[in-house]
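With mmCIF, C-alpha atoms inside, this is model00.cif:
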data_protein
#
loop_
_atom_site.label_atom_id
_atom_site.label_comp_id
_atom_site.auth_asym_id
_atom_site.auth_seq_id
_atom_site.Cartn_x
_atom_site.Cartn_y
_atom_site.Cartn_z
CA MET A 19 0.00 0.00 0.00
CA ALA A 20 1.42 3.37 -1.04
CA LEU A 21 1.52 6.49 1.10
CA ASN A 22 -1.45 8.79 0.89
CA ALA A 23 -0.99 12.43 -0.15
CA LYS A 24 -0.79 13.74 3.43
CA GLN A 25 1.76 11.08 4.42
CA ARG A 26 3.81 11.82 1.27
CA ARG A 27 3.76 15.52 2.16
CA PHE A 28 4.89 14.69 5.72
CA VAL A 29 7.86 12.71 4.38
CA ASP A 30 8.85 15.55 2.04
CA GLU A 31 8.51 18.15 4.80
CA TYR A 32 10.38 15.99 7.32
CA LEU A 33 13.37 15.75 4.99
CA VAL A 34 13.60 19.56 4.85
CA ASP A 35 14.82 19.98 8.44
CA LEU A 36 14.26 16.60 10.17
CA ASN A 37 11.84 18.31 12.57
CA ALA A 38 8.92 15.90 12.72
CA THR A 39 6.54 18.18 14.62
CA GLN A 40 7.04 21.06 12.21
CA ALA A 41 6.78 18.67 9.27
CA ALA A 42 3.41 17.49 10.60
CA ILE A 43 2.19 21.09 10.92
CA ARG A 44 3.40 21.98 7.42
CA SER A 45 1.68 18.83 6.13
CA GLY A 46 -1.70 19.99 7.39
CA TYR A 47 -1.93 18.25 10.76
CA SER A 48 -3.32 20.26 13.69
CA LYS A 49 -0.77 22.32 15.65
CA ARG A 50 -2.43 21.07 18.83
CA THR A 51 -1.75 17.39 18.02
CA ALA A 52 1.25 17.76 15.70
CA GLU A 53 3.76 16.31 18.16
CA GLN A 54 1.70 13.14 18.71
CA GLN A 55 0.93 12.85 14.99
CA ALA A 56 4.62 13.24 14.14
CA CYS A 57 5.55 10.48 16.56
CA ARG A 58 2.84 8.21 15.13
CA LEU A 59 3.89 8.97 11.55
CA LEU A 60 7.56 8.21 12.22
CA LYS A 61 6.58 4.85 13.75
CA ASN A 62 4.70 3.94 10.55
CA VAL A 63 6.85 1.30 8.82
CA LYS A 64 6.00 2.57 5.32
CA ILE A 65 6.84 6.16 6.22
CA ALA A 66 10.07 5.13 7.95
CA ALA A 67 11.04 3.08 4.87
CA GLU A 68 10.31 6.00 2.54
CA VAL A 69 12.30 8.40 4.72
CA GLY A 70 15.20 5.93 4.69
CA ARG A 71 15.00 5.47 0.92
CA LEU A 72 14.93 9.21 0.22
CA ARG A 73 17.76 9.92 2.66
CA ALA A 74 19.84 7.24 0.91
CA ASP A 75 19.07 8.92 -2.43
CA LEU A 76 20.15 12.29 -1.01
CA ALA A 77 23.34 10.73 0.31
CA THR A 78 24.10 9.36 -3.16
CA LYS A 79 23.58 12.78 -4.69
CA ALA A 80 25.81 14.32 -2.01
CA GLU A 81 28.56 11.87 -2.99
CA LEU A 82 28.52 13.27 -6.52
CA GLN A 83 28.93 16.74 -5.10
CA ARG A 84 31.73 15.47 -2.86
CA SER A 85 33.59 14.06 -5.87
CA ASP A 86 33.21 17.40 -7.67
CA LEU A 87 34.61 19.18 -4.64
CA LEU A 88 37.55 16.79 -4.45
CA ALA A 89 38.28 17.31 -8.15
CA GLU A 90 38.43 21.09 -7.61
CA TYR A 91 40.72 20.68 -4.59
CA ARG A 92 43.00 18.49 -6.73
CA LYS A 93 43.22 21.20 -9.39
CA ILE A 94 44.32 23.73 -6.79
CA ALA A 95 46.59 21.38 -4.84
CA PHE A 96 48.48 20.11 -7.88
CA GLN A 97 48.58 23.31 -9.90
CA ASP A 98 51.66 23.91 -12.05
CA ILE A 99 52.31 27.62 -12.58
CA ARG A 100 54.31 26.88 -15.73
CA ARG A 101 51.05 26.10 -17.55
CA ALA A 102 50.09 29.78 -17.24
CA PHE A 103 53.07 30.95 -19.32
CA ASN A 104 54.26 30.66 -22.90
CA GLU A 105 57.71 29.26 -23.67
CA ASN A 106 59.12 32.81 -23.90
CA GLY A 107 57.96 33.55 -20.34
CA SER A 108 55.00 35.74 -21.25
CA LEU A 109 51.68 35.17 -19.54
CA LYS A 110 49.20 33.32 -21.74
CA PRO A 111 45.93 35.08 -22.53
CA ILE A 112 43.11 33.81 -20.30
CA HIS A 113 41.37 32.04 -23.21
CA GLU A 114 44.50 29.93 -23.80
CA LEU A 115 44.73 28.61 -20.24
CA ASP A 116 43.63 25.02 -19.66
CA ASP A 117 40.70 24.30 -17.35
CA ASP A 118 42.87 23.07 -14.45
CA THR A 119 44.99 26.22 -14.49
CA VAL A 120 41.93 28.46 -14.61
CA ALA A 121 40.41 26.54 -11.68
CA ALA A 122 43.56 27.21 -9.62
CA LEU A 123 43.39 30.99 -10.20
CA ALA A 124 42.21 33.16 -7.33
CA GLY A 125 42.39 36.35 -9.36
CA ILE A 126 43.73 38.20 -12.38
CA GLU A 127 44.65 41.86 -12.58
CA VAL A 128 45.55 43.72 -15.76
CA SER A 129 46.73 47.34 -15.67
CA GLU A 130 47.61 49.58 -18.58
CA ILE A 131 50.98 51.29 -18.50
CA THR A 132 50.72 54.72 -20.05
CA VAL A 133 53.07 57.51 -20.92
CA GLY A 134 50.95 60.60 -21.15
CA GLU A 135 47.91 59.57 -23.15
CA THR A 136 49.63 56.65 -24.90
CA VAL A 137 49.33 53.04 -23.71
CA VAL A 138 52.84 51.58 -23.86
CA GLY A 139 52.17 48.23 -22.23
CA HIS A 140 50.19 46.14 -19.82
CA LEU A 141 51.03 44.82 -16.37
CA LYS A 142 49.44 41.43 -15.85
CA LYS A 143 49.24 39.79 -12.44
CA ILE A 144 47.77 36.44 -11.53
CA LYS A 145 47.05 35.20 -8.05
CA LEU A 146 46.85 31.50 -7.41
CA SER A 147 44.57 29.83 -4.91
CA ASP A 148 46.16 28.66 -1.68
CA LYS A 149 47.85 25.38 -2.58
CA ARG A 150 48.71 24.46 1.02
CA SER A 151 45.09 24.87 2.11
CA ALA A 152 43.91 22.60 -0.71
CA LEU A 153 46.55 20.00 0.18
CA ASP A 154 45.51 20.17 3.85
CA SER A 155 41.86 19.71 2.87
CA LEU A 156 42.70 16.69 0.73
CA ALA A 157 44.84 15.17 3.50
CA LYS A 158 42.04 15.69 6.01
CA PHE A 159 39.52 14.09 3.67
CA GLN A 160 41.81 11.09 3.23
CA GLY A 161 42.12 10.78 7.01
CA TRP A 162 45.86 11.36 6.98
CA ASN A 163 45.75 14.07 9.63
CA ALA A 164 45.38 13.43 13.33
CA PRO A 165 41.67 13.57 14.08
CA ASP A 166 40.25 16.68 15.67
CA LYS A 167 39.36 15.96 19.28
CA HIS A 168 35.99 16.95 20.64
CA GLU A 169 34.75 16.07 24.08
CA LEU A 170 31.09 15.17 24.09
CA THR A 171 28.85 14.08 26.90
CA GLY A 172 25.37 12.73 27.15
CA LYS A 173 22.44 13.98 29.21
CA ASP A 174 23.51 15.83 32.38
CA GLY A 175 27.21 15.26 31.59
CA GLY A 176 26.86 11.49 31.64
CA PRO A 177 28.07 9.01 29.03
CA ILE A 178 26.68 9.08 25.53
CA GLU A 179 24.39 6.22 24.66
CA THR A 180 25.73 4.47 21.58
CA SER A 181 24.75 1.62 19.38
CA ASP A 182 26.42 0.34 16.26
CA VAL A 183 24.27 1.07 13.20
CA SER A 184 26.96 0.50 10.58
CA GLY A 185 25.46 -2.81 9.47
CA LEU A 186 21.93 -1.48 9.11
CA THR A 187 20.22 -0.57 5.86
CA PRO A 188 18.90 2.99 5.46
CA VAL A 189 15.39 1.67 6.09
CA GLU A 190 16.48 -0.06 9.31
CA ARG A 191 18.25 3.13 10.41
CA ALA A 192 15.09 5.17 9.79
CA GLN A 193 13.07 2.64 11.78
CA ARG A 194 15.60 2.80 14.62
CA LEU A 195 15.42 6.62 14.58
CA ALA A 196 11.62 6.48 14.67
CA ALA A 197 11.74 4.11 17.65
CA ILE A 198 14.20 6.35 19.52
CA LEU A 199 12.09 9.41 18.89
CA ALA A 200 8.99 7.55 20.01
CA THR A 201 10.58 6.49 23.33
CA ARG A 202 11.69 10.04 24.01
CA GLY A 203 8.24 11.39 23.12
CA THR A 204 9.79 14.35 21.31
CA GLY A 205 8.41 13.82 17.85
CA GLY A 206 11.71 15.13 16.47
CA ASP A 207 11.82 18.46 18.34
#

Would you mind giving the structure from this file in structure tokens?
Amino acid sequence: MALNAKQRRFVDEYLVDLNATQAAIRSGYSKRTAEQQACRLLKNVKIAAEVGRLRADLATKAELQRSDLLAEYRKIAFQDIRRAFNENGSLKPIHELDDDTVAALAGIEVSEITVGETVVGHLKKIKLSDKRSALDSLAKFQGWNAPDKHELTGKDGGPIETSDVSGLTPVERAQRLAAILATRGTGGD
């Protein structure tokens, strides 16, 4: 059995900010009962499965964006300034630069050199993006840096409750989240 229109709207609204109560209100449920409705909706196996499926789809799309980001970092990190110049040492016109070199540029400045009213030359300056920063970002992404340390505590400074969810499918994770939210009675707030 498929989700009805109101349930579908709840799923879509929930994925906006993961606030179940607000998603219920935006989906047309009463403000007075939205928290209870949200809890009930998240417990619904079909809704939990749909939330899990859509979150998995979003994660896949985010991976594509991550690969694009990594490709841009690589262009900056492994830039070769020689590609910006002709063999005689003159700076190539911008339209002759290859895509990787252009991606590594942080800025270009061209000034006219004049004597009186006559232009006698041009001063061309290029600024490259920060190579070290790009290398650091790539190293961090690869996990080659020491991890940043953050001290976290659970409720009232106590230990954090943990459970291993690495072996669960997205649907099982969504169901687990729904169960946790239901036991806390928060409805996602």

Tell me which of A:Arg58, A:His140, A:Arg50, A:Lys173 sits closest to Ala38 in chain A, counting all atoms listed in the file.
A:Arg58

If you count only C-alpha atoms, which residues fall within 12 Å of range 111-113 of chain A, apart from same-chain ones fewer than 2 positions away, as JSON, numbers by chain?
{"A": [101, 102, 103, 104, 108, 109, 115, 116, 117, 119, 120, 121, 123, 125, 126, 127, 128, 142, 143, 144]}

Distance CA of Asp35 in chain A-CA of Leu21 in chain A, one decimal place?
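Separating CA of Asp35 in chain A from CA of Leu21 in chain A is a distance of 20.3 Å.
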
Using CA of Arg44 in chain A and CA of Lys79 in chain A as the two end points, give the distance in Å to one decimal.
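Computing the Euclidean distance for CA of Arg44 in chain A and CA of Lys79 in chain A yields 25.3 Å.
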
So which one's closest to Leu156 in chain A, A:Ser48, A:Thr132, A:Ser85, A:Thr187? Using all atoms listed in the file, please.
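Among the listed residues, A:Ser85 lies closest to Leu156 in chain A.
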
Could you tell me how far CA of Val63 in chain A sits from CA of Tyr32 in chain A, in Å to one decimal place?
15.2 Å

The PyMOL selection byres ((chain A and resi 90-100) around 8) applied to the shown file, residues as a list of chain:residue names
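So the PyMOL selection byres ((chain A and resi 90-100) around 8) ends up selecting A:Asp86, A:Leu87, A:Leu88, A:Ala89, A:Arg101, A:Ala102, A:Phe103, A:Asp118, A:Thr119, A:Ala121, A:Ala122, A:Ser147, A:Asp148, A:Lys149, A:Arg150, A:Ser151, A:Ala152, A:Leu153, A:Ser155, A:Leu156.
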
Determine the residue membership of the PyMOL selection byres ((chain A and resi 52) around 9) for the file above and supply it as a PyMOL selection string.
chain A and resi 38-43+47-51+53-57+205

Fix up range 131-143 of chain A with N, CA and C atoms, then write it as an mmCIF file, keeping the file's coordinate frame.
data_model
loop_
_atom_site.group_PDB
_atom_site.id
_atom_site.type_symbol
_atom_site.label_atom_id
_atom_site.label_comp_id
_atom_site.auth_asym_id
_atom_site.auth_seq_id
_atom_site.Cartn_x
_atom_site.Cartn_y
_atom_site.Cartn_z
ATOM 1 N N ILE A 131 49.856 50.400 -18.794
ATOM 2 C CA ILE A 131 50.980 51.290 -18.500
ATOM 3 C C ILE A 131 50.950 52.378 -19.565
ATOM 4 N N THR A 132 50.850 53.605 -19.104
ATOM 5 C CA THR A 132 50.720 54.720 -20.050
ATOM 6 C C THR A 132 51.850 55.724 -19.850
ATOM 7 N N VAL A 133 52.179 56.364 -20.936
ATOM 8 C CA VAL A 133 53.070 57.510 -20.920
ATOM 9 C C VAL A 133 52.260 58.633 -21.541
ATOM 10 N N GLY A 134 51.865 59.552 -20.681
ATOM 11 C CA GLY A 134 50.950 60.600 -21.150
ATOM 12 C C GLY A 134 49.616 59.953 -21.474
ATOM 13 N N GLU A 135 49.180 60.136 -22.709
ATOM 14 C CA GLU A 135 47.910 59.570 -23.150
ATOM 15 C C GLU A 135 48.102 58.249 -23.899
ATOM 16 N N THR A 136 49.337 57.827 -24.080
ATOM 17 C CA THR A 136 49.630 56.650 -24.900
ATOM 18 C C THR A 136 49.836 55.408 -24.030
ATOM 19 N N VAL A 137 49.145 54.330 -24.393
ATOM 20 C CA VAL A 137 49.330 53.040 -23.710
ATOM 21 C C VAL A 137 50.589 52.418 -24.287
ATOM 22 N N VAL A 138 51.567 52.158 -23.402
ATOM 23 C CA VAL A 138 52.840 51.580 -23.860
ATOM 24 C C VAL A 138 52.989 50.124 -23.450
ATOM 25 N N GLY A 139 52.069 49.623 -22.651
ATOM 26 C CA GLY A 139 52.170 48.230 -22.230
ATOM 27 C C GLY A 139 51.083 47.868 -21.240
ATOM 28 N N HIS A 140 51.151 46.643 -20.796
ATOM 29 C CA HIS A 140 50.190 46.140 -19.820
ATOM 30 C C HIS A 140 50.954 45.393 -18.726
ATOM 31 N N LEU A 141 50.499 45.567 -17.504
ATOM 32 C CA LEU A 141 51.030 44.820 -16.370
ATOM 33 C C LEU A 141 49.977 43.766 -16.037
ATOM 34 N N LYS A 142 50.380 42.519 -16.105
ATOM 35 C CA LYS A 142 49.440 41.430 -15.850
ATOM 36 C C LYS A 142 49.898 40.673 -14.594
ATOM 37 N N LYS A 143 48.953 40.513 -13.671
ATOM 38 C CA LYS A 143 49.240 39.790 -12.440
ATOM 39 C C LYS A 143 48.211 38.686 -12.274
#
